[in-house]
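Below is work.pdb, holding PDB, C-alpha atoms.
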ATOM      1  CA  MET A1009     -45.722 -83.669 -67.987
ATOM      2  CA  HIS A1010     -46.853 -81.281 -65.283
ATOM      3  CA  ALA A1011     -44.346 -78.699 -66.519
ATOM      4  CA  ASP A1012     -46.008 -78.809 -69.957
ATOM      5  CA  VAL A1013     -49.474 -78.278 -68.457
ATOM      6  CA  ASP A1014     -48.101 -75.497 -66.262
ATOM      7  CA  LEU A1015     -46.610 -73.747 -69.304
ATOM      8  CA  VAL A1016     -49.919 -73.933 -71.202
ATOM      9  CA  ARG A1017     -51.808 -72.554 -68.179
ATOM     10  CA  TRP A1018     -49.241 -69.748 -67.912
ATOM     11  CA  LEU A1019     -49.710 -68.884 -71.605
ATOM     12  CA  PHE A1020     -53.464 -68.465 -71.207
ATOM     13  CA  GLU A1021     -53.619 -67.000 -67.708
ATOM     14  CA  ALA A1022     -50.560 -64.725 -67.574
ATOM     15  CA  VAL A1023     -49.659 -63.974 -71.189
ATOM     16  CA  TRP A1024     -53.076 -63.732 -72.846
ATOM     17  CA  SER A1025     -55.331 -62.777 -69.923
ATOM     18  CA  ARG A1026     -52.943 -60.345 -68.176
ATOM     19  CA  GLY A1027     -50.619 -59.344 -71.025
ATOM     20  CA  GLU A1028     -47.488 -60.492 -69.176
ATOM     21  CA  THR A1029     -45.180 -61.120 -72.137
ATOM     22  CA  ASP A1030     -41.807 -60.335 -70.480
ATOM     23  CA  GLU A1031     -40.890 -63.984 -69.865
ATOM     24  CA  LEU A1032     -41.789 -65.293 -73.347
ATOM     25  CA  GLN A1033     -38.168 -65.112 -74.562
ATOM     26  CA  GLN A1034     -37.011 -67.315 -71.676
ATOM     27  CA  ARG A1035     -39.937 -69.738 -71.530
ATOM     28  CA  LEU A1036     -40.758 -70.440 -75.196
ATOM     29  CA  HIS A1037     -38.812 -72.227 -77.900
ATOM     30  CA  PRO A1038     -37.608 -69.655 -80.470
ATOM     31  CA  HIS A1039     -39.082 -71.633 -83.386
ATOM     32  CA  THR A1040     -42.531 -72.951 -82.528
ATOM     33  CA  PHE A1041     -44.776 -73.852 -85.453
ATOM     34  CA  HIS A1042     -48.408 -72.700 -85.225
ATOM     35  CA  TYR A1043     -51.099 -74.263 -87.411
ATOM     36  CA  ARG A1044     -54.194 -72.150 -88.077
ATOM     37  CA  ASP A1045     -55.093 -71.199 -91.637
ATOM     38  CA  GLY A1046     -51.751 -72.552 -92.786
ATOM     39  CA  THR A1047     -48.429 -72.874 -91.005
ATOM     40  CA  ASN A1048     -46.567 -70.034 -89.348
ATOM     41  CA  GLU A1049     -43.376 -69.985 -87.368
ATOM     42  CA  LEU A1050     -44.320 -68.307 -84.128
ATOM     43  CA  GLY A1051     -41.475 -67.395 -81.815
ATOM     44  CA  PRO A1052     -41.643 -65.277 -78.658
ATOM     45  CA  SER A1053     -41.367 -61.947 -80.548
ATOM     46  CA  GLU A1054     -44.190 -62.794 -82.941
ATOM     47  CA  LEU A1055     -46.410 -64.018 -80.101
ATOM     48  CA  THR A1056     -45.737 -60.822 -78.130
ATOM     49  CA  GLY A1057     -46.959 -58.728 -81.086
ATOM     50  CA  ILE A1058     -50.090 -60.841 -81.516
ATOM     51  CA  VAL A1059     -50.953 -60.650 -77.806
ATOM     52  CA  GLU A1060     -50.407 -56.876 -77.794
ATOM     53  CA  ARG A1061     -52.696 -56.359 -80.823
ATOM     54  CA  TRP A1062     -55.469 -58.499 -79.312
ATOM     55  CA  ARG A1063     -55.163 -56.743 -75.940
ATOM     56  CA  ILE A1064     -55.442 -53.323 -77.641
ATOM     57  CA  ALA A1065     -58.628 -54.535 -79.331
ATOM     58  CA  LEU A1066     -59.955 -56.231 -76.174
ATOM     59  CA  PRO A1067     -58.250 -54.575 -73.157
ATOM     60  CA  ASP A1068     -60.109 -56.827 -70.707
ATOM     61  CA  LEU A1069     -59.387 -59.963 -72.755
ATOM     62  CA  GLU A1070     -59.625 -63.150 -70.742
ATOM     63  CA  PHE A1071     -58.869 -66.714 -71.766
ATOM     64  CA  ARG A1072     -60.657 -69.115 -69.431
ATOM     65  CA  ILE A1073     -59.529 -72.727 -69.601
ATOM     66  CA  VAL A1074     -62.613 -74.949 -69.552
ATOM     67  CA  ASP A1075     -60.757 -78.265 -69.997
ATOM     68  CA  ILE A1076     -57.097 -79.222 -70.118
ATOM     69  CA  VAL A1077     -55.864 -82.760 -70.852
ATOM     70  CA  ALA A1078     -52.319 -84.067 -71.196
ATOM     71  CA  ASP A1079     -51.260 -87.290 -72.911
ATOM     72  CA  GLY A1080     -47.685 -88.119 -73.856
ATOM     73  CA  ASP A1081     -46.126 -85.131 -75.578
ATOM     74  CA  LEU A1082     -49.489 -83.356 -76.135
ATOM     75  CA  VAL A1083     -51.563 -80.952 -74.054
ATOM     76  CA  ALA A1084     -55.102 -80.191 -75.290
ATOM     77  CA  THR A1085     -57.258 -77.286 -74.150
ATOM     78  CA  ARG A1086     -60.804 -76.072 -74.609
ATOM     79  CA  CYS A1087     -61.115 -72.387 -73.736
ATOM     80  CA  ARG A1088     -63.397 -69.358 -73.868
ATOM     81  CA  LEU A1089     -62.034 -65.993 -74.964
ATOM     82  CA  THR A1090     -64.055 -63.018 -73.743
ATOM     83  CA  GLY A1091     -63.532 -59.270 -73.804
ATOM     84  CA  THR A1092     -64.921 -55.864 -74.675
ATOM     85  CA  HIS A1093     -64.218 -54.619 -78.214
ATOM     86  CA  LEU A1094     -62.611 -51.232 -77.498
ATOM     87  CA  GLY A1095     -59.905 -51.128 -80.192
ATOM     88  CA  PRO A1096     -59.459 -52.104 -83.856
ATOM     89  CA  LEU A1097     -59.919 -55.839 -84.425
ATOM     90  CA  ARG A1098     -59.487 -57.652 -87.742
ATOM     91  CA  GLY A1099     -60.180 -54.477 -89.709
ATOM     92  CA  ARG A1100     -63.199 -53.462 -87.645
ATOM     93  CA  GLU A1101     -63.469 -50.300 -85.609
ATOM     94  CA  PRO A1102     -64.327 -50.554 -81.882
ATOM     95  CA  THR A1103     -67.963 -51.285 -81.078
ATOM     96  CA  GLY A1104     -67.963 -51.443 -77.284
ATOM     97  CA  LEU A1105     -69.605 -54.871 -77.555
ATOM     98  CA  THR A1106     -68.664 -57.844 -75.389
ATOM     99  CA  VAL A1107     -67.416 -60.821 -77.376
ATOM    100  CA  ASP A1108     -67.193 -64.511 -76.529
ATOM    101  CA  MET A1109     -65.362 -67.082 -78.652
ATOM    102  CA  GLY A1110     -64.594 -70.766 -78.240
ATOM    103  CA  VAL A1111     -61.006 -71.880 -78.842
ATOM    104  CA  MET A1112     -59.497 -75.370 -78.857
ATOM    105  CA  MET A1113     -55.746 -75.850 -79.009
ATOM    106  CA  PHE A1114     -53.249 -78.686 -78.996
ATOM    107  CA  PHE A1115     -49.676 -78.093 -77.846
ATOM    108  CA  ARG A1116     -46.844 -80.534 -78.652
ATOM    109  CA  PHE A1117     -43.678 -80.607 -76.589
ATOM    110  CA  ASP A1118     -40.311 -82.275 -77.014
ATOM    111  CA  GLU A1119     -37.116 -82.156 -74.951
ATOM    112  CA  SER A1120     -36.487 -78.564 -76.134
ATOM    113  CA  GLY A1121     -39.938 -77.299 -75.055
ATOM    114  CA  LEU A1122     -43.082 -76.269 -76.926
ATOM    115  CA  VAL A1123     -42.549 -76.999 -80.619
ATOM    116  CA  GLU A1124     -45.993 -77.053 -82.257
ATOM    117  CA  THR A1125     -49.475 -75.661 -81.670
ATOM    118  CA  TRP A1126     -52.736 -76.315 -83.498
ATOM    119  CA  GLU A1127     -55.649 -73.918 -83.093
ATOM    120  CA  LEU A1128     -59.321 -74.225 -83.936
ATOM    121  CA  ASP A1129     -61.453 -71.208 -83.095
ATOM    122  CA  ASP A1130     -64.734 -69.583 -84.014
ATOM    123  CA  ILE A1131     -63.303 -66.374 -85.486
ATOM    124  CA  ALA A1132     -66.298 -66.132 -87.867
ATOM    125  CA  GLY A1133     -68.607 -66.150 -84.836
ATOM    126  CA  LEU A1134     -66.535 -63.445 -83.138
ATOM    127  CA  GLU A1135     -66.634 -61.298 -86.277
ATOM    128  CA  ALA A1136     -70.418 -61.768 -86.478
ATOM    129  CA  GLN A1137     -70.703 -60.509 -82.900
ATOM    130  CA  ILE A1138     -68.903 -57.238 -83.667
ATOM    131  CA  ASP A1139     -70.560 -56.838 -87.081
ATOM    132  CA  ALA A1140     -74.046 -57.085 -85.533
ATOM    133  CA  PRO A1141     -76.067 -53.854 -85.696
TER     134      PRO A1141
END
When written as structure tokens, how does the structure in this file appear?
Amino acid sequence: MHADVDLVRWLFEAVWSRGETDELQQRLHPHTFHYRDGTNELGPSELTGIVERWRIALPDLEFRIVDIVADGDLVATRCRLTGTHLGPLRGREPTGLTVDMGVMMFFRFDESGLVETWELDDIAGLEAQIDAP
């Protein structure tokens, strides 16, 4: 169980907040399913591309874990994403504005590692922040 929590912490703290994607191939299952606006298969290569795009848009991006709870094969998190909008993001040109978004995620593990993630975020609220005059 602790290894699952440690992996989730590593994803937020090292991968997302510092952009350290080099170990994704070794540490993540090659076929993890991600549920947010439908279902996507999200392996290490796809996640690397997503992290890189977000970190171009928000170079000082930080995911801060507010709560983390583990039960059985699940790890649940409540996080805050913050950063300064200095690159293109979701079709919007840089604004220089600081953004703050709540994110909740569930991670399911089996004997092969992380196999599923569910994400609920306030992307509409983030977009409103960078669309503000």
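When you apply the PyMOL selection byres ((chain A and resi 1115) around 6) to this structure, what comes back is Leu1082, Val1083, Phe1114, Arg1116, Glu1124 and Thr1125 of chain A.
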query = Suppose you want the space between atom CA of A:Ala1136 and atom CA of A:Tyr1043; what is it in Å?
reply =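 One can read the atom CA of A:Ala1136 to atom CA of A:Tyr1043 distance as 23.0 Å.
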Output check: residues returned by the PyMOL selection byres ((chain A and resi 1060-1063) around 12), as a ChimeraX atom specification = /A:1023-1030,1053-1059,1064-1071,1089-1099
Those residues you just picked out, can you put them in a file as a CSV table (one decimal), keeping the file's coordinate frame with C-alpha atoms?
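Now in selection16.csv:
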chain,number,residue,atom,x,y,z
A,1023,VAL,CA,-49.7,-64.0,-71.2
A,1024,TRP,CA,-53.1,-63.7,-72.8
A,1025,SER,CA,-55.3,-62.8,-69.9
A,1026,ARG,CA,-52.9,-60.3,-68.2
A,1027,GLY,CA,-50.6,-59.3,-71.0
A,1028,GLU,CA,-47.5,-60.5,-69.2
A,1029,THR,CA,-45.2,-61.1,-72.1
A,1030,ASP,CA,-41.8,-60.3,-70.5
A,1053,SER,CA,-41.4,-61.9,-80.5
A,1054,GLU,CA,-44.2,-62.8,-82.9
A,1055,LEU,CA,-46.4,-64.0,-80.1
A,1056,THR,CA,-45.7,-60.8,-78.1
A,1057,GLY,CA,-47.0,-58.7,-81.1
A,1058,ILE,CA,-50.1,-60.8,-81.5
A,1059,VAL,CA,-51.0,-60.6,-77.8
A,1064,ILE,CA,-55.4,-53.3,-77.6
A,1065,ALA,CA,-58.6,-54.5,-79.3
A,1066,LEU,CA,-60.0,-56.2,-76.2
A,1067,PRO,CA,-58.2,-54.6,-73.2
A,1068,ASP,CA,-60.1,-56.8,-70.7
A,1069,LEU,CA,-59.4,-60.0,-72.8
A,1070,GLU,CA,-59.6,-63.2,-70.7
A,1071,PHE,CA,-58.9,-66.7,-71.8
A,1089,LEU,CA,-62.0,-66.0,-75.0
A,1090,THR,CA,-64.1,-63.0,-73.7
A,1091,GLY,CA,-63.5,-59.3,-73.8
A,1092,THR,CA,-64.9,-55.9,-74.7
A,1093,HIS,CA,-64.2,-54.6,-78.2
A,1094,LEU,CA,-62.6,-51.2,-77.5
A,1095,GLY,CA,-59.9,-51.1,-80.2
A,1096,PRO,CA,-59.5,-52.1,-83.9
A,1097,LEU,CA,-59.9,-55.8,-84.4
A,1098,ARG,CA,-59.5,-57.7,-87.7
A,1099,GLY,CA,-60.2,-54.5,-89.7
request  = Choose the residue, out of A:Asp1118, A:Asp1139, A:Asp1129, A:Asp1079, that has the smallest atom-to-atom separation from A:Leu1105; count only C-alpha atoms.
outcome  = A:Asp1139
task = Using all atoms listed in the file, determine which residues lie at most 9 Å from A:Ala1078, disregarding the query and same-chain residues fewer than 5 positions distant; provide the list as a list in words.
result = Met1009, His1010, Asp1012, Val1013, Val1083, Ala1084 and Thr1085 of chain A
So that I have them on file, write out the residues from the current selection with C-alpha atoms, as an mmCIF file, in the coordinates of the input.
data_model
loop_
_atom_site.group_PDB
_atom_site.id
_atom_site.type_symbol
_atom_site.label_atom_id
_atom_site.label_comp_id
_atom_site.auth_asym_id
_atom_site.auth_seq_id
_atom_site.Cartn_x
_atom_site.Cartn_y
_atom_site.Cartn_z
ATOM 1 C CA MET A 1009 -45.722 -83.669 -67.987
ATOM 2 C CA HIS A 1010 -46.853 -81.281 -65.283
ATOM 3 C CA ASP A 1012 -46.008 -78.809 -69.957
ATOM 4 C CA VAL A 1013 -49.474 -78.278 -68.457
ATOM 5 C CA VAL A 1083 -51.563 -80.952 -74.054
ATOM 6 C CA ALA A 1084 -55.102 -80.191 -75.290
ATOM 7 C CA THR A 1085 -57.258 -77.286 -74.150
#
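Candidate residues A:Gly1046, A:Thr1103, A:His1039, A:Ile1076 were compared for distance to A:Phe1020, and the nearest is A:Ile1076, using only C-alpha atoms.
Distance annotation: of A:Val1111, A:Glu1049, A:Gly1104, A:Arg1017, the residue with the minimal separation from A:Ile1138 is A:Gly1104; atom set is all atoms listed in the file.
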ask   = When you draw a straight line from atom CA of A:Ala1022 to atom CA of A:Val1074, how long is it in Å?
value =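 Rounded to one decimal, the two atoms are 15.9 Å apart.
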inquiry  = If I take atom CA of A:Arg1086 and atom CA of A:Glu1127, how far is one from the other in Å, to one decimal?
reply    =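 Those two atoms sit 10.2 Å apart.
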query = Between A:Pro1038, A:Gln1137, A:Asn1048, A:Leu1122, which is the closest to A:Leu1019 once you count only C-alpha atoms?
reply =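 Of A:Pro1038, A:Gln1137, A:Asn1048, A:Leu1122, the one nearest A:Leu1019 is A:Leu1122, counting only C-alpha atoms.
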Please give the centre and size of the box around stretch 1012-1022 of chain A (axis-aligned, containing every atom listed in the file, 5 Å added per side), with values in Å to one decimal and written as lines of an AutoDock Vina configuration file.
center_x = -49.8
center_y = -71.8
center_z = -68.9
size_x = 17.6
size_y = 24.1
size_z = 15.3
Just want the 6 Å neighbourhood of A:Met1109, counted on all atoms listed in the file, with same-chain residues fewer than 6 positions away dropped. Output as a compact mmCIF listing (two decimals) with C-alpha atoms, in the frame of the given file.
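After the write, selection_20.txt holds the following:
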# COMPACT_ATOMS: atom_id res chain seq x y z
CA ARG A 1088 -63.40 -69.36 -73.87
CA LEU A 1089 -62.03 -65.99 -74.96
CA ASP A 1130 -64.73 -69.58 -84.01
CA LEU A 1134 -66.54 -63.44 -83.14
query = So which one's closest to A:His1037, A:Gly1121, A:Leu1128, A:Pro1102, A:Glu1135? Using only C-alpha atoms, please.
reply =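 Checking each of A:Gly1121, A:Leu1128, A:Pro1102, A:Glu1135 against A:His1037, counting only C-alpha atoms, the winner is A:Gly1121.
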